[in-house]
Structures are given as structure tokens and as C-alpha cells.
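Chemist: Starting off with a structure, shown below.
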Amino acid sequence: RLRRRHVITMPDTQPLAAARAKKFVVDNFLVLGFCLALTIGLSAPAAGTTIAGWSSGGWSIVQTIAVIIIFIISGATLKTEEIAQALQSGRGALAYGLVSILGVTPLLGFIHINIPYTPVQFRYGLALFCAVPTTLTSGVTLVRNAKGNVALALMLTVSTNLLGVFTVPFYFNAIARSGSSTLGTSASGRDMGSQAVDLLVKLLCTILVPICAGKIAREMIPVIAERAAKHKQELTLTNNSCLIIVVWMSISKSAKQLLSTDAGSIFLVIFAGIATHVVFLAINYGATGALGISGPERVASVMMSSQKTLPVA
């Protein structure tokens, strides 16, 4: 009589561990990418500085291509029903976002301009940061990752950045005049006003036109809508990668100034920037709750109203 031997096999944990690692990287791709961009940008800025220096007619070639790709993908993945929902259920959130981004949050610039940061340029940098509109790229990506209303986020991005061309020079000039005249604020105001048309053209070419092109392609070529739905994760990672490249180049360009500045001053400005975002979040979260804005619309409105665009600044 043969005895049956029971062989106990241990499950292979390697595929499971690899799957968990992959999920972690995908879920946190943007944060991990920012950390990598910060590390490489500060430790080895030469490559990022060189690539950022490739320009033509005042346009940074790589950054412009990256931003255009982001918004083409955003338009190609934007569903018509999402736009209709943003216009119907998100009217209040859209109106609040416009007022908050262009009218309320810039008021903090009047506080920063009168705080004695050193060097004095930090005062004007933080004040200008408060005055500019919402982020061009990262906001939409973060809203998508947070399951917010992406169509509303796109509408806030386009509308506030186009309107910001006219509001930022006025607001920053008023803020700068309320502080000391160390940097010649009146000249700065005139310079910003003279650049308004160029800025408007750049925003139209890098945001509005790509979004419209992507959306039109989606509606006219059915296969694009099918592929966009099928490869949603890959498109999201492509968007995030383009944003990481832009951040990496920006950090690389500023690495020399950052590393030569007193550490205490840098930490103070970093703390001030974090505190500013916390105040933005508190104001917008409380105000949207008081106004009855909820769900994905609230997520989009709060997140977009609590960020500021560095390229415009």
C-alpha cells in the first residue's frame, strides 16, 4: 500500500511584493517624482539648467512641450457630461473659485510684503505668489487623483489664468505700493503691465488651444475616446511625468541661488509658504462648507483655490 505524501508548498511572495510595490509607486507617483526632482535638481542642477535654457522667442521649449502635452491629454480625456455637470451642479463652486483665486487669496500678499524677510526679494516673491492665479498643471492632476470634478478644475485653470493676466499687474502693484519702495515698485508694475499681452498669448497657446484640440479630437475621432478610457492610468502617469520634468527644471535653475542663501532664511520662507497654503485651505474649506458646496465640486474648488501657479509668478 502506497502512502500519500502531502507536500506543503509555500506561496511565492515575490509577485505579491512586486505588485504591492508597483501599486505604491503608481499611487504616489507624483509625490515620489517631486522628491526625486528636488534631490536631483539641487544635487546635480547642470542637466536641468541646460535643458531649461533651450528656448526660442522667449518660450522655454521643453517646458512648453510638457505643458501642451498635459493639456492635450486633459482635453482628450474630458467627457462632455463632465463639462455639463460642472456647469450645472458646479456653478456655485466655479463662482466661488473665481472669487477666491483672483480676489480673496491675493489679500495675503499685503501681509507678506510687510514681513521683514531677508533678502528683501523674498517679501516680493511671496507677495507675488499670493497674487497670481491657480496652478497651470499640478492642480488638475491633484484633483483627478483626489476624485474631484476634473472638468471644474480645468475650467478654473483656464478662466483664472486668462483673467489673471489683467488682475495680477493691478493687484501686485497695489500690494507692492503698500510695502517699502526698496525694489522700485512702480517700475515693477509698469513692467508687468507691458508683459500682459505676451503672457495672454502664452496662456492661450499652452492651455486653451491644447485643451480644445484634445477635446475636438476626442469628439471627432471615436478611437481616441476609447483609447483614453482604456489607457487612463498610462495617460495620468504621462501627465504626472511632464509635470515632474517642469518642476525638475525649475528647481535646477534656482539651485545656485537656493544653495547660496542662508539656511535660516530659506527655512523661514518655506515655513511661510506652508503657512500660506494652510491658511488658503482653511479659508476655502470653511467657506465652501458654509456655502453648501459638497462632493467632487468641493474637492475641486478647495484644491484649486488653495494653490498658486509658479510659472506665471
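As shown in the C-alpha cells, the chain order sets the letters A, B, ...; within each chain, residues go from 1, and ligands are also counted from 1 in the order they appear.
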Give me the range 46-152 of chain A side of the contact with range 221-225 of chain A, cut-off 9 Å, one line per residue showing its nearest atom pair and distance in Å at one decimal, counting only C-alpha atoms, sorted by chain and residue number, as a tab-separated table.
Modeler:
residue	atom	partner	partner_atom	distance
A:Ala76	CA	A:Ala225	CA	7.0
A:Thr77	CA	A:Ala225	CA	7.0
A:Lys79	CA	A:Ala225	CA	8.8
Chemist: Between range 56-173 of chain A and range 268-273 of chain A, at 8 Å or less, what are the per-residue closest atom pairs and their distances in Å? Count only C-alpha atoms, order by chain and rising residue number, and return it as CSV.
Modeler:
residue,atom,partner,partner_atom,distance
A:Tyr117,CA,A:Val269,CA,7.7
A:Phe122,CA,A:Val269,CA,7.3
A:Leu126,CA,A:Gly273,CA,7.5
Chemist: One number please: CA of Leu162 in chain A to CA of Val209 in chain A, in Å, one decimal.
Modeler: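 These two atoms are separated by 12.4 Å.
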Chemist: Pick from A:Leu32, A:Ile211, A:Val26, A:Ala228: nearest to Ala151 in chain A, with only C-alpha atoms counted?
Modeler: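 Going through A:Leu32, A:Ile211, A:Val26, A:Ala228 one by one, the smallest distance to Ala151 in chain A is for A:Ile211.
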Chemist: Go through A:Gly214, A:Gly125, A:Gly90, A:Gly41 one by one, measure the shortest atom-to-atom distance of each to Gly148 in chain A using only C-alpha atoms, and give the residue with the smallest value.
Modeler: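 Result for the nearest residue to Gly148 in chain A: A:Gly90.
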Chemist: Using only C-alpha atoms, determine which residues lie at most 7 Å from Val302 in chain A, disregarding the query and same-chain residues fewer than 2 positions distant; provide the list as a list in words.
Modeler: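 What passes the distance filter is Leu281, Asn284, Tyr285, Arg298, Val299, Ala300, Met304, Ser305 and Ser306 of chain A.
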Chemist: Enumerate the residues of range 6-212 of chain A with a DSSP assignment of alpha helix (DSSP H), computed from the backbone, and present them as a ChimeraX atom specification.
Modeler: /A:13-27,29-43,46-52,61-76,80-88,91-99,109-112,121-131,138-145,150-178,185-194,196-203,209-212
Chemist: Considering only C-alpha atoms, return as a list in words whatever protein or nucleic-acid residues lie within 9 Å of Phe110 in chain A, sequence-local ones (same chain, fewer than 4 positions apart) excluded.
Modeler: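 Within the cut-off, the hits are Pro106, Asn114, Ala127, Ala174, Ile175, Ala176, Ser178 and Gly179 of chain A.
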Chemist: What is the distance, in Å and to one decimal place, between CA of Cys212 in chain A and CA of Val158 in chain A?
Modeler: 11.1 Å
